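Worksheet: the structure to be examined is printed underneath.
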Amino acid sequence: LSGNNYNGTVNGASLTMDRFGSSAKAYSFDGSNNYILTNYAGILGANPRAVSFWAKNTQLTSPLYLVTWGSNQTGARFGVGFSSNPAGIGVGGASSEIVYSTPTPVSNAVWHHYVVQFSGTTLNDMKIYQDAALLTQTIIANAANTLINTLSAYNVQFGRVDYTPQPQYYIGDLDEFGIWNRTLTICEIEQLYRSDLSTINLASSNKSVCPG
């Protein structure tokens with residue numbers, strides 16, 4: 001969709017209905033060995049970035065990673081996932097993490113939209129939105145002053161983190177991932193929440209499409 005020819009290879013994940021009820025428009029992951037591996041290294045170093053996606057799941061028996069890339073060195077991995085205890089959504093940088101509480105439970109079997117973005121120096125500079133609302137209550141801050149320096153080791157993958165001693169997998173449904181080499185405006189986040197990614201010109205643009 002971006003025009004950059006980044007593609008994914010599906011490993012076990014199955015097609016399912018999206019949030020509009022359209023069949024075969026999203027992917028379901030079983031939490032065992034399902035994931036999608038791309039040919040894209042992701043945004044590296046300390047460069048600004050934004051990740052947008054829709055997620056639906058019903059259980060949080062363990063931390064569930066939604067999208068990851070980078071290395072397993074401290075601060076060198078960029079991994080977005082759900083926390084199970086306490087429940088929330090956050091970013092892990094390998095041996096470091098910051099997690100925010102959400103006003104609506106992340107595991108209530110309803111599609112929710114998330115944007116995670118960064119333009120700073122440490123995990124503390126992450127901003128996370130659920131359904132276009134900025135999350136402000138930190139519930140986990142483990143070495144959150146760790147400097148972000150995402151290395152090129154594992155390409156972008158959905159539904160899995162290559163974690164030692166063994167990978168961890170997501171259980172639930174995922175749809176409409178977008179990754180930008182900049183942060184998004186509040187207006188753009190609202191647009192993504194209220195529309196289909198394929199209907200707005202955000203995927204390949206470095207400029208805001210919002211008025212003003």
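Convention: chains lettered A, B, ... in structure tokens order; per-chain residue numbering from 1; ligands numbered from 1 as shown.
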| message | Which residues are close to Asn11 (chain A), i.e. within 8 Å by only C-alpha atoms, leaving aside same-chain residues fewer than 6 positions away? Reply as a list of chain:residue names. | response | A:Asn33, A:Asn34, A:Tyr35, A:Ile36, A:Leu37
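Residues surrounding region 57-62 of chain A within 6 Å are Ser84, Ser107, Asn108, Ala109 and Gly172 of chain A [only C-alpha atoms; sequence separation below 6 positions excluded].
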I need the chosen residues saved as a PDB file, in the first residue's frame, with C-alpha atoms.
ATOM      1  CA  SER A  84      -1.014  -8.977  31.067  1.00  0.00           C
ATOM      2  CA  SER A 107      -8.889  -7.829  25.792  1.00  0.00           C
ATOM      3  CA  ASN A 108     -12.633  -7.142  25.583  1.00  0.00           C
ATOM      4  CA  ALA A 109     -13.120  -8.892  22.197  1.00  0.00           C
ATOM      5  CA  GLY A 172      -5.997 -12.580  18.605  1.00  0.00           C
TER       6      GLY A 172
END
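If you measure from each of A:Tyr6, A:Tyr129, A:Tyr114, A:Phe20 to Leu66 (chain A) using only C-alpha atoms, the closest one turns out to be A:Tyr114.
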| message | Give me, as a VMD selection string, the residues of region 2-209 of chain A that a backbone DSSP run labels alpha helix (DSSP H). | response | chain A and resid 186 to 194
| said: Under the rule that only C-alpha atoms are counted, which of A:Ala133, A:Ile189, A:Ile139, A:Ile148 is the nearest residue to Gln73 (chain A)? | reply: A:Ile148
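Going from CA of Val110 (chain A) over to CA of Lys56 (chain A), you cover 5.5 Å.
Residue nearest Arg182 (chain A) within the list A:Thr68, A:Val116, A:Gly31, A:Gly3: A:Val116 [criterion: smallest interatomic distance, only C-alpha atoms].
Atom pair CA of Pro105 (chain A) / CA of Arg160 (chain A) has a distance of 21.3 Å (rounded to one decimal).
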| Shell around Val156 (chain A) at 10 Å using only C-alpha atoms, local window under 5 positions removed, as number ranges by chain | A: 6, 8, 36-43, 67-70, 78-79, 161, 179
| Which residues come within 9 Å of Ser71 (chain A), counting only C-alpha atoms, excluding same-chain residues fewer than 3 positions away, as a ChimeraX atom specification? | /A:74-78,93-94,150-154,162
Please write the residues from the selection above to a file, keeping N, CA and C atoms, as a short mmCIF file (atom, residue, chain, number, x, y, z; two decimals), in the first residue's frame.
data_model
loop_
_atom_site.label_atom_id
_atom_site.label_comp_id
_atom_site.auth_asym_id
_atom_site.auth_seq_id
_atom_site.Cartn_x
_atom_site.Cartn_y
_atom_site.Cartn_z
N THR A 74 19.63 -4.43 24.93
CA THR A 74 18.85 -3.42 25.66
C THR A 74 18.73 -2.14 24.86
N GLY A 75 17.50 -1.70 24.65
CA GLY A 75 17.25 -0.48 23.91
C GLY A 75 17.32 -0.61 22.41
N ALA A 76 17.69 -1.79 21.92
CA ALA A 76 17.93 -1.97 20.50
C ALA A 76 16.78 -2.67 19.78
N ARG A 77 15.74 -3.06 20.55
CA ARG A 77 14.55 -3.65 19.95
C ARG A 77 13.38 -2.67 20.11
N PHE A 78 12.55 -2.62 19.08
CA PHE A 78 11.32 -1.83 19.17
C PHE A 78 10.17 -2.82 19.10
N GLY A 93 12.02 -2.39 24.87
CA GLY A 93 13.27 -2.19 24.15
C GLY A 93 14.29 -3.25 24.47
N ALA A 94 13.84 -4.43 24.94
CA ALA A 94 14.68 -5.53 25.41
C ALA A 94 15.28 -5.13 26.76
N THR A 150 17.47 1.49 17.90
CA THR A 150 16.99 0.26 17.28
C THR A 150 17.99 -0.23 16.24
N LEU A 151 18.46 -1.46 16.41
CA LEU A 151 19.45 -2.04 15.50
C LEU A 151 18.79 -2.93 14.46
N SER A 152 19.49 -3.14 13.37
CA SER A 152 18.99 -3.99 12.29
C SER A 152 19.42 -5.43 12.54
N ALA A 153 18.53 -6.22 13.11
CA ALA A 153 18.81 -7.63 13.36
C ALA A 153 17.65 -8.47 12.86
N TYR A 154 16.45 -8.20 13.40
CA TYR A 154 15.23 -8.89 12.94
C TYR A 154 14.37 -7.88 12.19
N ASP A 162 11.12 -12.26 18.53
CA ASP A 162 12.22 -13.23 18.59
C ASP A 162 12.96 -13.03 19.90
#
